[in-house]
Amino acid sequence: MADTDEYRTIRKASEGIYREKGSRFISLVLPVRDENEIKSHLEAVRKQHHEARHHCFAWVLGSEGGRWRANDDGEPSGTAGRPILGQIRSHGLTNILIVVSRYFGGSLLGVSGLINAYRTAAASAISNSEIIDHVVHDQYEISFPYQSMNDVMKIIKEEEINHSDLIYDQDCRMKVFFRSSASSRILGRFSRIRGFSNRFLGSE
């Protein structure tokens, strides 16, 4: 179970743009869940903007934002990935990826100009997105004897647990879905039912 089961993220992908001395900085912010998804998005952006000179990015993962990466993709060190990451951090967001594709306009911007351009492009994409508070839920498959059905359903009703895929048999099974922060308490209640067992299916 995570230390917290709430975090701020975005509802769906959004874009932004910043122009400076002929260069265009096209930004894209996306909600993501893991590094494989991030890799796929980066490949798609590089294909879509194949004429862009740089594809700089930053991402943050985890309910507390503990996993992150910033990449300058050939720009001077610290002028692109870090400013993008700074916008993610300043908005308190996680489970997101921001990519900024730069179409070079022929004029050098200098270190401070690049930092401002990537920061502003990232901020533009965020400002065009819908920020939401997401609650993490855990899903389990639970099993129990048929004669314990009333005890199980009593807990489900009292805890207002979402459930589905109920299978009636000598041993019954169903899927249950509840807030991650409530997992220890709810599983503790279920565990007092004779013959009860559970299998963790994942969080979302």
# chains A, B, ... in the order shown; residues from 1 in each chain; ligands from 1

call {"tool": "residues_around", "arguments": {"residues": "His55 of chain A", "least_positions_apart": "3", "cutoff": "8 Å", "atoms": "only C-alpha atoms", "output": "ChimeraX atom specification"}}
result
/A:46,52,72-73,99-102

call {"tool": "closest_atom_pairs", "arguments": {"of": "segment 41-71 of chain A", "to": "segment 12-23 of chain A", "cutoff": "12 Å", "atoms": "only C-alpha atoms", "output": "tab-separated table"}}
result
residue	atom	partner	partner_atom	distance
A:His41	CA	A:Ala13	CA	10.9
A:Val45	CA	A:Glu15	CA	11.9
A:Ala52	CA	A:Ser23	CA	10.0
A:Arg53	CA	A:Ser23	CA	10.2
A:His54	CA	A:Ser23	CA	11.2

call {"tool": "closest_residue", "arguments": {"among": "A:Leu93, A:Leu187, A:Ser203, A:Ile167", "to": "Ile155 of chain A", "atoms": "only C-alpha atoms"}}
result
A:Leu187

call {"tool": "select_by_dssp", "arguments": {"residues": "segment 46-153 of chain A", "states": "strand (DSSP E or B)", "output": "number ranges by chain"}}
result
A: 54-61, 67-71, 93, 96-103, 131-135, 137-145

call {"tool": "select_by_dssp", "arguments": {"residues": "chain A", "states": "alpha helix (DSSP H)", "output": "PyMOL selection string"}}
result
chain A and resi 35-48+81-90+110-127+149-159+183-191

call {"tool": "residues_around", "arguments": {"residues": "Gly65 of chain A", "least_positions_apart": "6", "cutoff": "9 Å", "atoms": "only C-alpha atoms", "output": "ChimeraX atom specification"}}
result
/A:7,89,92-95

call {"tool": "atom_distance", "arguments": {"atom1": "atom CA of Ser40 of chain A", "atom2": "atom CA of Ala80 of chain A"}}
result
20.6 Å

call {"tool": "closest_residue", "arguments": {"among": "A:Arg24, A:Arg173, A:His137, A:Arg33", "to": "Leu97 of chain A", "atoms": "only C-alpha atoms"}}
result
A:Arg33

call {"tool": "closest_atom_pairs", "arguments": {"of": "segment 169-194 of chain A", "to": "segment 146-154 of chain A", "cutoff": "8 Å", "atoms": "only C-alpha atoms", "output": "Markdown table"}}
result
| residue | atom | partner | partner_atom | distance |
| --- | --- | --- | --- | --- |
| A:Asp169 | CA | A:Tyr146 | CA | 6.6 |
| A:Gln170 | CA | A:Tyr146 | CA | 5.5 |
| A:Asp171 | CA | A:Tyr146 | CA | 5.6 |
| A:Cys172 | CA | A:Tyr146 | CA | 5.7 |
| A:Phe190 | CA | A:Val152 | CA | 7.0 |
| A:Ile193 | CA | A:Ser148 | CA | 7.1 |
| A:Arg194 | CA | A:Ser148 | CA | 7.6 |

call {"tool": "atom_distance", "arguments": {"atom1": "atom CA of Gly78 of chain A", "atom2": "atom CA of Asp133 of chain A"}}
result
29.9 Å

call {"tool": "atom_distance", "arguments": {"atom1": "atom CA of Phe178 of chain A", "atom2": "atom CA of Leu30 of chain A"}}
result
25.7 Å

call {"tool": "residues_around", "arguments": {"residues": "Met174 of chain A", "least_positions_apart": "5", "cutoff": "12 Å", "atoms": "only C-alpha atoms", "output": "PyMOL selection string"}}
result
chain A and resi 139-146+149+152-153+156+161-169+196-199+201

call {"tool": "write_last_selection", "arguments": {"atoms": "C-alpha atoms", "output": "tab-separated table (two decimals), in the first residue's frame"}}
result
chain	number	residue	atom	x	y	z
A	139	GLN	CA	-8.25	-4.25	-6.63
A	140	TYR	CA	-8.34	-7.75	-5.13
A	141	GLU	CA	-9.92	-11.06	-5.99
A	142	ILE	CA	-11.35	-12.51	-2.80
A	143	SER	CA	-12.39	-16.12	-2.12
A	144	PHE	CA	-14.53	-17.47	0.71
A	145	PRO	CA	-16.87	-20.37	1.55
A	146	TYR	CA	-20.49	-20.00	0.47
A	149	MET	CA	-21.46	-14.94	2.08
A	152	VAL	CA	-18.61	-10.85	3.40
A	153	MET	CA	-21.55	-8.85	2.07
A	156	ILE	CA	-18.91	-4.77	1.62
A	161	ILE	CA	-16.86	-1.43	-1.41
A	162	ASN	CA	-17.31	-1.69	-5.15
A	163	HIS	CA	-17.48	-5.30	-6.28
A	164	SER	CA	-18.01	-7.30	-9.47
A	165	ASP	CA	-17.71	-10.73	-11.11
A	166	LEU	CA	-19.31	-12.65	-8.25
A	167	ILE	CA	-19.12	-16.41	-8.76
A	168	TYR	CA	-21.37	-18.57	-6.58
A	169	ASP	CA	-20.06	-22.04	-5.79
A	196	PHE	CA	-11.20	-16.16	3.45
A	197	SER	CA	-8.28	-15.53	1.08
A	198	ASN	CA	-7.33	-12.75	-1.30
A	199	ARG	CA	-5.15	-12.07	-4.34
A	201	LEU	CA	-4.71	-7.63	-8.77

call {"tool": "closest_residue", "arguments": {"among": "A:Leu61, A:Asp138, A:Ser27, A:Asp5", "to": "Tyr118 of chain A", "atoms": "only C-alpha atoms"}}
result
A:Ser27

call {"tool": "closest_residue", "arguments": {"among": "A:Ile115, A:Ile132, A:Thr120, A:Gly62", "to": "Arg8 of chain A", "atoms": "only C-alpha atoms"}}
result
A:Ile132

call {"tool": "residues_around", "arguments": {"residues": "Asn116 of chain A", "least_positions_apart": "5", "cutoff": "9 Å", "atoms": "only C-alpha atoms", "output": "PDB file with N, CA and C atoms, in the first residue's frame"}}
result
ATOM      1  N   THR A  79      19.495  23.287 -19.597  1.00  0.00           N
ATOM      2  CA  THR A  79      18.688  24.368 -20.194  1.00  0.00           C
ATOM      3  C   THR A  79      17.304  23.921 -20.641  1.00  0.00           C
ATOM      4  N   ALA A  80      17.032  22.632 -20.644  1.00  0.00           N
ATOM      5  CA  ALA A  80      15.751  22.156 -21.192  1.00  0.00           C
ATOM      6  C   ALA A  80      15.018  21.217 -20.242  1.00  0.00           C
ATOM      7  N   PRO A  83      14.257  22.811 -16.615  1.00  0.00           N
ATOM      8  CA  PRO A  83      13.148  23.784 -16.596  1.00  0.00           C
ATOM      9  C   PRO A  83      11.781  23.127 -16.806  1.00  0.00           C
ATOM     10  N   VAL A 111      21.917  30.553 -22.989  1.00  0.00           N
ATOM     11  CA  VAL A 111      21.479  29.694 -21.873  1.00  0.00           C
ATOM     12  C   VAL A 111      20.190  30.207 -21.243  1.00  0.00           C
ATOM     13  N   ALA A 121       7.241  26.986 -22.533  1.00  0.00           N
ATOM     14  CA  ALA A 121       6.524  26.009 -23.366  1.00  0.00           C
ATOM     15  C   ALA A 121       5.859  24.950 -22.500  1.00  0.00           C
TER      16      ALA A 121
END

call {"tool": "residues_around", "arguments": {"residues": "Glu6 of chain A", "least_positions_apart": "3", "cutoff": "8 Å", "atoms": "only C-alpha atoms", "output": "list in words"}}
result
Ser63, Asp133, His134, Val135 and Val136 of chain A

call {"tool": "write_last_selection", "arguments": {"atoms": "N, CA and C atoms", "output": "PDB file, in the first residue's frame"}}
result
ATOM      1  N   SER A  63       2.946   8.160  -6.601  1.00  0.00           N
ATOM      2  CA  SER A  63       1.983   8.994  -5.877  1.00  0.00           C
ATOM      3  C   SER A  63       2.671  10.127  -5.126  1.00  0.00           C
ATOM      4  N   ASP A 133      -7.375  15.778  -9.015  1.00  0.00           N
ATOM      5  CA  ASP A 133      -6.894  15.024  -7.847  1.00  0.00           C
ATOM      6  C   ASP A 133      -7.312  13.578  -8.042  1.00  0.00           C
ATOM      7  N   HIS A 134      -6.328  12.699  -8.179  1.00  0.00           N
ATOM      8  CA  HIS A 134      -6.612  11.279  -8.432  1.00  0.00           C
ATOM      9  C   HIS A 134      -6.455  10.473  -7.145  1.00  0.00           C
ATOM     10  N   VAL A 135      -7.407   9.604  -6.910  1.00  0.00           N
ATOM     11  CA  VAL A 135      -7.369   8.710  -5.744  1.00  0.00           C
ATOM     12  C   VAL A 135      -6.986   7.312  -6.214  1.00  0.00           C
ATOM     13  N   VAL A 136      -5.964   6.732  -5.591  1.00  0.00           N
ATOM     14  CA  VAL A 136      -5.492   5.391  -5.953  1.00  0.00           C
ATOM     15  C   VAL A 136      -6.391   4.341  -5.311  1.00  0.00           C
TER      16      VAL A 136
END

call {"tool": "closest_residue", "arguments": {"among": "A:Gln48, A:Ser191, A:Cys56, A:Val29", "to": "Gly74 of chain A", "atoms": "only C-alpha atoms"}}
result
A:Cys56

call {"tool": "closest_residue", "arguments": {"among": "A:Ser184, A:Ile10, A:Gly66, A:Gly113", "to": "Ile96 of chain A", "atoms": "only C-alpha atoms"}}
result
A:Ile10
